[in-house]
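Undergrad: Sharing a structure, written as structure tokens. Questions coming.
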Amino acid sequence: MMTRRTSPPQARNYGVLRTVGRATAARAKTVSVLPAGRRAPRRLSVIVAAGGLALTAVLAWTASTANHSSNNRLLRLQVRQTVSALSSALPSVQSQLVDALKVATATNSSSIFKSFVSDEAGGKGEFTSLSLWQRGGTGTKLLTFVGAEPELVLDGAARSFFAHVRPSATLQVTGILKSSSPRLGYAEMEPGETHYVVYAESALPASRKLVVPSSSAFSDLNFALYLGKRQLPSQLIEASVTTPIRGLHAVASLPFGNTAITVVGTPTTQLTGTLSASLVWIVVIIGAVLSLASATTVEYVARRRWIAERLAEDVARLYAEQHSIAETLQRAILPEQIPAIAGMEIAVRYLPGVNGVDVGGDWYDVVPLEEGRFVFVVGDVSGRGVKAAAVMASLHYASRGFALEGHPPEGILEQLAKTLDISRDEHFATVLVGLVDVARHQVTIANAGHLPPVLCSANKAAVVPIQPGSPIGISNRLTVEPLLVTVEAHATLIAYTDGLVERRGESLDEGIGRLQIAAERNTSTLEELLSGIVTDLTMDAPDDDIALIGLRWLD
Amino acid sequence: MAGLDASAEPALRVQISREGHVPVVTLSGELDLTSVEEVRSIVAAALDGEPDRIVFDTSALRFMDSSGIALLLWAAERVPNVELRDPSLIVQRLIELTGLGATLRVLE
């Protein structure tokens with residue numbers, strides 16, 4: 001290769017790069033299968049979705065709790081308001097009875113009492129039955145009544161009830177009287193009173209169905225009213241809903257005579273309003289949608305990144321593989337063991353450059369012929385990479401073939417020129433070919449644009465003055481002038497590629513001069529000489545590939 | 001690589017001028033594998049008018065390797081006459097040693 005690069009040389013990089021490349025290639029078997037690994041990013045998006053949904057659940061629970069608590073508070077408030085409305089209505093019942101009692105006491109006349117209360121019972125009256133009773137030594141007797149006959153009498157429970165009636169400021173309540181039409185009875189006996197007791201009964205609705213008008217302030221509630229402090233089914237006064245009431249409800253009591261009325265309220269709708277009730281679902285839906293959207297986004301981004309990483313790995317792997325292919329190709333073509341030639345010591349070197357992972361197209365070859373002759377070749381294909389290595393391979397084998405066919409060096413080059421065309425192959429090559437006659441100490445050299453070899457005899461190195469023809473690939477009609485060189489005993493001929501002598505800021509002559517100096521050192525073997533040359537000329541590691549061949553006559 | 005090193009002076013400067021229809025490519029600095037593709041695309045743009053001659057002024061080129069040779073040969077494929085004007089010694093020796101004196105017309 002005739003190229004140099006501009007970066008500071010780093011001697012070990014090439015080896016490291018190669019190692020990395022191979023490791024990547026080995027690992028690639030497990031990572032390069034994209035479809036199988038497509039599930040990889042799932043975990044993160046699942047975490048995001050789960051987190052979002054958990055947050056949604058917490059928010060929904062909070063909203064639900066808040067709504068529930070508001071609903072409860074409003075319910076209790078409304079039931080209390082109901083109770084207070086009821087309690088303001090109850091005193092009128094008692095005051096009517098008190099008035100009637102006063103009339104009876106003042107007049108001691110059943111008939112006056114009867115006419116006084118005639119409007120209050122039966123028909124349009126408030127009570128179903130209103131009666132006046134007289135307490136005596138033998139018990140309490142019915143004097144007169146208005147409206148229906150007291151159920152208490154029919155029931156036969158009057159004796160036990162009145163036995164408990166005492167003069168009191170409070171109304172004495174019977175409890176619910178069982179009959180075909182249930183009634184509620186109450187007795188009034190003023191403090192200080194000894195004779196008269198006024199007793200009234202009110203009919204309960206037959207089905208005990210309470211109708212709450214929708215215009216009422218309490219139309220949002222269903223009610224059940226019980227006599228007493230407990231919600232006993234037998235003591236149900238009336239209800240606007242099936243009893244017993246289950247689910248959300250509130251209970252409040254108000255005193256009613258010597259007992260109480262218990263109000264149980266349950267909401268018919270959401271007391272807090274539709275929005276508050278829907279808030280939970282709004283939170284759930286929006287939260288779920290946002291969580292899933294976030295998870296989808298995360299999944300998308302993670303997947304893109306993951307795919308990009310996989311692609312980068314694949315690219316790195318392919319790059320490494322490509323390099324590996326080119327290098328393998330080059331190594332396969334370059335013989336490590338060159339043929340032994342009787343009477344000659346031959347040594348070779350190939351040093352890959354440090355730059356990039358592309359390999360170059362440098363090569364050397366030795367082709368033994370009959371009659372103590374052999375051909376050596378050093379060549380350099382322009383450019384780098386697999387293509388350059390492939391061109392190198394074809395030139396390498398072509399030159400070997402032409403040599404074996406018996407072409408002289410210039411003939412080999414002229415034939416090679418017909419195989420390569422820079423306009424078609426995008427590469428050109430410089431090639432030096434020498435035909436050595438060992439016994440005669442003669443070398444016939446032909447040069448297609450290549451750097452001249454250095455000949456070293458008696459510790460004096462000189463550049464072989466071979467005129468270069470144009471490189472292979474420029475024209476298919478190449479003409480090169482061969483040069484016949486006769487060498488002294490123990491002479492050493494060194495041919496090389498430009499990577500050995502090229503240095504930034506120098507002309508090639510200076511590099512060749514350094515090679516001459518390095519070639520003049522005294523070494524016992526050719527191998528040692530080449531090692532010394534490589535060390536001297538590549539103080540810093542070579543940017544470019546270097547191919548080097550040394551030929552030494554043993555006599 | 002100098003071509004990628006932003007802190008450093010650009011390794012290579014390329015200037016295109018014209019003398020009549022003839023593009024003149026003035027190169028200074030270092031022409032190597034890292035910079036040659038850029039030059040190639042710049043030169044390709046200058047060949048639009050299908051000139052019959054192109055001049056490379058390489059007097060200020062401090063370094064050129066076979067990538068530069070490849071560039072000149074590439075130009076020679078497209079323009080009948082490729083001239084090297086006032087090449088520096090480094091360039092001149094590279095051309096001579098590569099046996100391209102006949103392919104590329106060197107004007108000193």
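Each chain of the structure tokens is named A, B, ... in the order shown, its residues numbered from 1; ligands are numbered from 1 in display order.
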Can you list, as a list in words, all residues belonging to segment 171-289 of chain A that DSSP tags as helix (DSSP H, G or I)?

TA: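 Across segment 171-289 of chain A, those assigned helix (DSSP H, G or I) are Pro233, Ser234, Gln235, Thr274, Leu275, Ser276, Ala277, Ser278, Leu279, Val280, Trp281, Ile282, Val283, Val284, Ile285, Ile286, Gly287, Ala288 and Val289 of chain A.
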
Undergrad: Could you turn the residues from that selection into a file that holds N, CA and C atoms, as a short mmCIF file (atom, residue, chain, number, x, y, z; two decimals), in the first residue's frame?

TA:
```cif
data_model
loop_
_atom_site.label_atom_id
_atom_site.label_comp_id
_atom_site.auth_asym_id
_atom_site.auth_seq_id
_atom_site.Cartn_x
_atom_site.Cartn_y
_atom_site.Cartn_z
N PRO A 233 -88.99 -4.22 62.80
CA PRO A 233 -89.95 -4.28 61.70
C PRO A 233 -91.39 -4.07 62.20
N SER A 234 -91.69 -4.59 63.39
CA SER A 234 -93.06 -4.45 63.91
C SER A 234 -93.39 -3.01 64.25
N GLN A 235 -92.40 -2.21 64.46
CA GLN A 235 -92.62 -0.82 64.87
C GLN A 235 -92.43 0.15 63.72
N THR A 274 -73.32 14.73 40.33
CA THR A 274 -72.85 13.78 39.33
C THR A 274 -71.33 13.86 39.14
N LEU A 275 -70.81 15.12 39.14
CA LEU A 275 -69.39 15.29 38.84
C LEU A 275 -68.53 14.59 39.88
N SER A 276 -68.92 14.82 41.16
CA SER A 276 -68.13 14.21 42.22
C SER A 276 -68.18 12.70 42.13
N ALA A 277 -69.37 12.18 41.81
CA ALA A 277 -69.51 10.73 41.71
C ALA A 277 -68.72 10.20 40.52
N SER A 278 -68.71 11.00 39.41
CA SER A 278 -68.03 10.55 38.19
C SER A 278 -66.53 10.74 38.29
N LEU A 279 -66.11 11.55 39.27
CA LEU A 279 -64.69 11.90 39.38
C LEU A 279 -63.81 10.65 39.43
N VAL A 280 -64.29 9.67 40.19
CA VAL A 280 -63.52 8.43 40.31
C VAL A 280 -63.29 7.82 38.94
N TRP A 281 -64.38 7.76 38.18
CA TRP A 281 -64.26 7.13 36.86
C TRP A 281 -63.45 7.98 35.91
N ILE A 282 -63.60 9.31 36.05
CA ILE A 282 -62.78 10.21 35.22
C ILE A 282 -61.31 9.97 35.52
N VAL A 283 -60.98 9.89 36.83
CA VAL A 283 -59.58 9.66 37.23
C VAL A 283 -59.10 8.32 36.70
N VAL A 284 -59.95 7.30 36.84
CA VAL A 284 -59.55 5.96 36.40
C VAL A 284 -59.29 5.94 34.91
N ILE A 285 -60.21 6.53 34.15
CA ILE A 285 -60.08 6.46 32.69
C ILE A 285 -58.89 7.27 32.21
N ILE A 286 -58.81 8.54 32.70
CA ILE A 286 -57.69 9.39 32.26
C ILE A 286 -56.37 8.78 32.71
N GLY A 287 -56.32 8.32 33.96
CA GLY A 287 -55.10 7.72 34.49
C GLY A 287 -54.67 6.51 33.68
N ALA A 288 -55.65 5.66 33.37
CA ALA A 288 -55.32 4.45 32.62
C ALA A 288 -54.82 4.81 31.23
N VAL A 289 -55.51 5.78 30.60
CA VAL A 289 -55.11 6.18 29.25
C VAL A 289 -53.71 6.78 29.27
#
```

Undergrad: Fewer than 2 positions away in the same chain doesn't count, so skip those; otherwise give me all residues within 12 Å of Arg18 of chain B, counting only C-alpha atoms, as a PyMOL selection string.

TA: chain B and resi 15-16+20-26+46-47+49+51+53-57

Undergrad: List every residue of chain B that DSSP, applied to the backbone of this structure, places in strand (DSSP E), and write the result as a ChimeraX atom specification.

TA: /B:12-19,22-31,53-64,81-85,105-107

Undergrad: Find the residues near segment 327-337 of chain A: any atom within 7 Å, counting only C-alpha atoms, skip ones fewer than 3 places away on the same chain, and give them as a ChimeraX atom specification.

TA: /A:323-324,359,363-364,389,393

Undergrad: Okay, now the selection with N, CA and C atoms, as a PDB file, in the first residue's frame?

TA:
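This went into selection-v8.pdb:
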```pdb
ATOM      1  N   HIS A 323     -13.448  -6.798   7.869  1.00  0.00           N
ATOM      2  CA  HIS A 323     -12.008  -6.659   8.066  1.00  0.00           C
ATOM      3  C   HIS A 323     -11.370  -8.024   8.179  1.00  0.00           C
ATOM      4  N   SER A 324     -12.055  -8.856   8.946  1.00  0.00           N
ATOM      5  CA  SER A 324     -11.539 -10.197   9.191  1.00  0.00           C
ATOM      6  C   SER A 324     -11.437 -10.973   7.875  1.00  0.00           C
ATOM      7  N   VAL A 359      -8.007  -3.531   5.353  1.00  0.00           N
ATOM      8  CA  VAL A 359      -6.666  -4.007   5.051  1.00  0.00           C
ATOM      9  C   VAL A 359      -6.216  -3.423   3.727  1.00  0.00           C
ATOM     10  N   TRP A 363       1.502  -7.224  -1.332  1.00  0.00           N
ATOM     11  CA  TRP A 363       1.847  -8.652  -1.351  1.00  0.00           C
ATOM     12  C   TRP A 363       3.274  -8.881  -1.819  1.00  0.00           C
ATOM     13  N   TYR A 364       3.742 -10.085  -1.559  1.00  0.00           N
ATOM     14  CA  TYR A 364       5.038 -10.531  -2.076  1.00  0.00           C
ATOM     15  C   TYR A 364       4.875 -11.970  -2.506  1.00  0.00           C
ATOM     16  N   ALA A 389      -8.072  -6.052  -1.571  1.00  0.00           N
ATOM     17  CA  ALA A 389      -7.491  -7.364  -1.277  1.00  0.00           C
ATOM     18  C   ALA A 389      -7.818  -8.360  -2.397  1.00  0.00           C
ATOM     19  N   ALA A 393      -5.313 -10.306  -4.787  1.00  0.00           N
ATOM     20  CA  ALA A 393      -5.331 -11.764  -4.958  1.00  0.00           C
ATOM     21  C   ALA A 393      -5.243 -12.134  -6.434  1.00  0.00           C
TER      22      ALA A 393
END
```

Undergrad: Hey, could you make a per-residue contact list for chain B against chain A with 8 Å as the cut-off, showing the nearest pair of atoms and its distance in Å to one decimal, counting only C-alpha atoms, sorted by chain and number, as a Markdown table?

TA:
```
| residue | atom | partner | partner_atom | distance |
| --- | --- | --- | --- | --- |
| B:Met1 | CA | A:Ser7 | CA | 3.9 |
| B:Ala2 | CA | A:Thr6 | CA | 5.2 |
| B:Gly3 | CA | A:Thr6 | CA | 7.6 |
| B:Asp32 | CA | A:Arg5 | CA | 6.4 |
| B:Leu33 | CA | A:Thr3 | CA | 6.4 |
| B:Thr34 | CA | A:Arg5 | CA | 6.7 |
| B:Arg62 | CA | A:Gly505 | CA | 5.7 |
| B:Phe63 | CA | A:Gly505 | CA | 5.8 |
| B:Asp65 | CA | A:Thr3 | CA | 5.1 |
| B:Ser66 | CA | A:Met2 | CA | 4.8 |
| B:Ser67 | CA | A:Thr3 | CA | 6.1 |
| B:Ala70 | CA | A:Ser382 | CA | 7.2 |
| B:Leu73 | CA | A:Ile474 | CA | 7.6 |
| B:Trp74 | CA | A:Ser423 | CA | 7.8 |
| B:Glu77 | CA | A:Ser423 | CA | 6.9 |
| B:Leu89 | CA | A:Ser507 | CA | 6.8 |
| B:Ile90 | CA | A:Ser507 | CA | 4.4 |
| B:Val91 | CA | A:Ser507 | CA | 7.8 |
| B:Arg93 | CA | A:Leu508 | CA | 6.8 |
| B:Leu94 | CA | A:Leu508 | CA | 6.9 |
| B:Glu96 | CA | A:Pro468 | CA | 7.8 |
| B:Leu97 | CA | A:Leu451 | CA | 6.1 |
| B:Thr98 | CA | A:Gly449 | CA | 3.7 |
| B:Gly99 | CA | A:Ser470 | CA | 4.3 |
| B:Leu100 | CA | A:Ser470 | CA | 5.3 |
| B:Ala102 | CA | A:Ser470 | CA | 7.9 |
| B:Thr103 | CA | A:Ser470 | CA | 7.8 |
```

Undergrad: Can I get the selected residues back with N, CA and C atoms, as an mmCIF file, in the first residue's frame?

TA:
```cif
data_model
loop_
_atom_site.group_PDB
_atom_site.id
_atom_site.type_symbol
_atom_site.label_atom_id
_atom_site.label_comp_id
_atom_site.auth_asym_id
_atom_site.auth_seq_id
_atom_site.Cartn_x
_atom_site.Cartn_y
_atom_site.Cartn_z
ATOM 1 N N MET B 1 -6.975 10.887 13.236
ATOM 2 C CA MET B 1 -6.724 11.279 11.856
ATOM 3 C C MET B 1 -6.931 12.773 11.715
ATOM 4 N N ALA B 2 -5.996 13.402 11.067
ATOM 5 C CA ALA B 2 -6.021 14.858 10.998
ATOM 6 C C ALA B 2 -7.307 15.357 10.367
ATOM 7 N N GLY B 3 -7.835 14.617 9.415
ATOM 8 C CA GLY B 3 -9.056 15.043 8.746
ATOM 9 C C GLY B 3 -10.217 15.159 9.715
ATOM 10 N N ASP B 32 -3.995 12.685 1.491
ATOM 11 C CA ASP B 32 -3.851 11.255 1.780
ATOM 12 C C ASP B 32 -5.217 10.579 1.771
ATOM 13 N N LEU B 33 -5.244 9.356 2.243
ATOM 14 C CA LEU B 33 -6.470 8.554 2.189
ATOM 15 C C LEU B 33 -7.635 9.226 2.912
ATOM 16 N N THR B 34 -7.307 9.987 3.980
ATOM 17 C CA THR B 34 -8.388 10.576 4.771
ATOM 18 C C THR B 34 -9.005 11.796 4.088
ATOM 19 N N ARG B 62 2.518 19.371 0.997
ATOM 20 C CA ARG B 62 3.636 18.897 1.813
ATOM 21 C C ARG B 62 3.726 17.375 1.817
ATOM 22 N N PHE B 63 2.590 16.741 1.529
ATOM 23 C CA PHE B 63 2.594 15.276 1.548
ATOM 24 C C PHE B 63 1.570 14.756 0.564
ATOM 25 N N ASP B 65 0.390 10.720 -0.992
ATOM 26 C CA ASP B 65 0.695 9.296 -1.111
ATOM 27 C C ASP B 65 -0.061 8.719 -2.301
ATOM 28 N N SER B 66 -0.179 7.443 -2.375
ATOM 29 C CA SER B 66 -0.782 6.825 -3.561
ATOM 30 C C SER B 66 -2.254 7.214 -3.712
ATOM 31 N N SER B 67 -2.873 7.701 -2.612
ATOM 32 C CA SER B 67 -4.241 8.203 -2.745
ATOM 33 C C SER B 67 -4.269 9.382 -3.708
ATOM 34 N N ALA B 70 -3.947 8.108 -7.104
ATOM 35 C CA ALA B 70 -5.246 7.581 -7.523
ATOM 36 C C ALA B 70 -6.163 8.715 -7.968
ATOM 37 N N LEU B 73 -5.041 9.918 -11.393
ATOM 38 C CA LEU B 73 -5.395 8.925 -12.417
ATOM 39 C C LEU B 73 -6.895 8.931 -12.673
ATOM 40 N N TRP B 74 -7.650 9.162 -11.585
ATOM 41 C CA TRP B 74 -9.107 9.247 -11.715
ATOM 42 C C TRP B 74 -9.474 10.431 -12.612
ATOM 43 N N GLU B 77 -8.836 9.800 -16.223
ATOM 44 C CA GLU B 77 -9.868 8.994 -16.870
ATOM 45 C C GLU B 77 -10.963 9.872 -17.475
ATOM 46 N N LEU B 89 8.790 18.995 -4.522
ATOM 47 C CA LEU B 89 9.734 17.901 -4.731
ATOM 48 C C LEU B 89 9.106 16.565 -4.330
ATOM 49 N N ILE B 90 8.374 16.624 -3.232
ATOM 50 C CA ILE B 90 7.736 15.401 -2.736
ATOM 51 C C ILE B 90 6.808 14.810 -3.791
ATOM 52 N N VAL B 91 6.001 15.670 -4.387
ATOM 53 C CA VAL B 91 5.049 15.217 -5.396
ATOM 54 C C VAL B 91 5.794 14.768 -6.650
ATOM 55 N N ARG B 93 8.823 13.601 -7.009
ATOM 56 C CA ARG B 93 9.493 12.309 -6.855
ATOM 57 C C ARG B 93 8.485 11.162 -6.851
ATOM 58 N N LEU B 94 7.335 11.419 -6.234
ATOM 59 C CA LEU B 94 6.310 10.366 -6.208
ATOM 60 C C LEU B 94 5.855 10.042 -7.625
ATOM 61 N N GLU B 96 7.539 10.554 -10.381
ATOM 62 C CA GLU B 96 8.633 9.912 -11.115
ATOM 63 C C GLU B 96 8.773 8.448 -10.734
ATOM 64 N N LEU B 97 8.763 8.195 -9.416
ATOM 65 C CA LEU B 97 8.976 6.827 -8.947
ATOM 66 C C LEU B 97 7.799 5.919 -9.288
ATOM 67 N N THR B 98 6.647 6.531 -9.538
ATOM 68 C CA THR B 98 5.477 5.727 -9.880
ATOM 69 C C THR B 98 5.353 5.558 -11.389
ATOM 70 N N GLY B 99 6.288 6.176 -12.120
ATOM 71 C CA GLY B 99 6.304 5.986 -13.566
ATOM 72 C C GLY B 99 5.131 6.638 -14.274
ATOM 73 N N LEU B 100 4.657 7.754 -13.723
ATOM 74 C CA LEU B 100 3.471 8.383 -14.289
ATOM 75 C C LEU B 100 3.779 9.662 -15.043
ATOM 76 N N ALA B 102 4.596 10.100 -17.946
ATOM 77 C CA ALA B 102 4.029 10.121 -19.289
ATOM 78 C C ALA B 102 2.519 10.319 -19.255
ATOM 79 N N THR B 103 1.908 9.796 -18.209
ATOM 80 C CA THR B 103 0.448 9.888 -18.119
ATOM 81 C C THR B 103 0.017 11.287 -17.697
#
```

Undergrad: Find, counting only C-alpha atoms, the residue in A:Leu493, A:Leu74, A:Ala398, A:Leu132 that gets nearest to Gly265 of chain A.

TA: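 Comparing A:Leu493, A:Leu74, A:Ala398, A:Leu132 against Gly265 of chain A, the winner is A:Leu74.
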
Undergrad: Could you check which of B:Leu12, B:Leu104, B:Leu27, B:Val36 is closest to Val79 of chain B, using only C-alpha atoms?

TA: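 The shortest atom-to-atom distance to Val79 of chain B comes from B:Leu104.
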
Undergrad: Write out as a ChimeraX atom specification each polymer residue whose atoms come within 12 Å of Ala121 of chain A, counting only C-alpha atoms; drop sequence neighbours fewer than 2 positions from it.

TA: /A:96-97,100,114-119,123-131,145-150,199-203

Undergrad: For the residues selected in the previous step, produce a file with N, CA and C atoms as a compact mmCIF listing (two decimals), in the first residue's frame.

TA:
```
# COMPACT_ATOMS: atom_id res chain seq x y z
N GLN A 96 -103.15 19.72 70.76
CA GLN A 96 -104.57 19.47 70.48
C GLN A 96 -105.19 18.61 71.59
N LEU A 97 -104.43 17.59 72.01
CA LEU A 97 -104.94 16.71 73.06
C LEU A 97 -105.04 17.44 74.39
N ALA A 100 -108.12 19.61 74.37
CA ALA A 100 -109.32 18.80 74.55
C ALA A 100 -109.46 18.36 76.01
N LYS A 114 -117.17 16.38 73.23
CA LYS A 114 -117.40 15.78 71.93
C LYS A 114 -117.59 16.82 70.84
N SER A 115 -118.37 17.86 71.20
CA SER A 115 -118.57 18.90 70.19
C SER A 115 -117.28 19.70 69.96
N PHE A 116 -116.44 19.82 71.03
CA PHE A 116 -115.18 20.58 70.89
C PHE A 116 -114.22 19.89 69.91
N VAL A 117 -114.20 18.56 69.98
CA VAL A 117 -113.22 17.85 69.16
C VAL A 117 -113.81 17.23 67.90
N SER A 118 -115.11 17.55 67.66
CA SER A 118 -115.78 16.85 66.55
C SER A 118 -115.05 17.01 65.21
N ASP A 119 -114.37 18.13 65.03
CA ASP A 119 -113.68 18.37 63.75
C ASP A 119 -112.32 17.67 63.66
N GLY A 123 -113.30 11.69 59.24
CA GLY A 123 -113.44 12.60 58.10
C GLY A 123 -112.16 13.34 57.80
N LYS A 124 -112.26 14.68 57.90
CA LYS A 124 -111.07 15.49 57.56
C LYS A 124 -110.14 15.70 58.74
N GLY A 125 -110.52 15.18 59.88
CA GLY A 125 -109.74 15.41 61.08
C GLY A 125 -108.38 14.77 61.03
N GLU A 126 -107.57 15.23 61.95
CA GLU A 126 -106.19 14.76 61.97
C GLU A 126 -106.09 13.35 62.52
N PHE A 127 -107.02 13.04 63.41
CA PHE A 127 -106.96 11.73 64.06
C PHE A 127 -108.02 10.81 63.49
N THR A 128 -107.80 9.55 63.56
CA THR A 128 -108.80 8.56 63.17
C THR A 128 -109.85 8.43 64.27
N SER A 129 -109.31 8.55 65.46
CA SER A 129 -110.21 8.36 66.61
C SER A 129 -109.70 9.22 67.75
N LEU A 130 -110.65 9.91 68.44
CA LEU A 130 -110.28 10.74 69.59
C LEU A 130 -111.29 10.42 70.69
N SER A 131 -110.76 10.08 71.87
CA SER A 131 -111.71 9.63 72.91
C SER A 131 -111.35 10.20 74.28
N PHE A 145 -116.30 8.97 72.46
CA PHE A 145 -115.27 9.09 71.41
C PHE A 145 -115.81 9.72 70.15
N VAL A 146 -114.93 10.26 69.38
CA VAL A 146 -115.26 10.88 68.10
C VAL A 146 -114.48 10.09 67.03
N GLY A 147 -115.08 9.97 65.84
CA GLY A 147 -114.41 9.22 64.77
C GLY A 147 -114.60 7.73 65.01
N ALA A 148 -113.61 6.97 64.64
CA ALA A 148 -113.71 5.52 64.77
C ALA A 148 -113.61 5.12 66.24
N GLU A 149 -114.12 3.96 66.53
CA GLU A 149 -113.97 3.44 67.89
C GLU A 149 -112.51 3.16 68.13
N PRO A 150 -112.00 3.49 69.31
CA PRO A 150 -110.56 3.29 69.56
C PRO A 150 -110.17 1.83 69.37
N TYR A 199 -107.40 10.39 74.70
CA TYR A 199 -106.66 9.37 73.94
C TYR A 199 -106.99 9.52 72.45
N ALA A 200 -105.97 9.47 71.62
CA ALA A 200 -106.19 9.62 70.17
C ALA A 200 -105.47 8.51 69.42
N GLU A 201 -106.02 8.20 68.28
CA GLU A 201 -105.34 7.22 67.41
C GLU A 201 -105.23 7.80 66.00
N SER A 202 -104.09 7.55 65.38
CA SER A 202 -103.91 7.95 63.97
C SER A 202 -103.71 6.69 63.15
N ALA A 203 -104.36 6.66 62.00
CA ALA A 203 -104.17 5.50 61.13
C ALA A 203 -102.84 5.65 60.39
```

Undergrad: What is the distance between atom CA of Ser95 of chain A and atom CA of Val198 of chain A, in Å to one decimal?

TA: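 So the two atoms, atom CA of Ser95 of chain A and atom CA of Val198 of chain A, lie 11.4 Å apart.
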
Undergrad: Determine the nearest neighbour of Thr107 of chain A from the options A:Phe256, A:Tyr196, A:Phe374, A:Phe161, counting only C-alpha atoms.

TA: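 Going through A:Phe256, A:Tyr196, A:Phe374, A:Phe161 one by one, the smallest distance to Thr107 of chain A is for A:Tyr196.
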
Undergrad: Please identify all polymer residues within 12 Å of Gly273 of chain A, counting only C-alpha atoms, omitting same-chain residues fewer than 5 positions from it, and present them as an MDAnalysis selection string.

TA: chainID A and resid 67:68 70:71 74 220 267:268 278:279

Undergrad: Which residue is closest to Ala85 of chain A? Choose from A:Val263, A:Ile176, A:Leu554, A:Val348 and count only C-alpha atoms.

TA: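 Once distances to Ala85 of chain A are computed over only C-alpha atoms, the minimum belongs to A:Val263.
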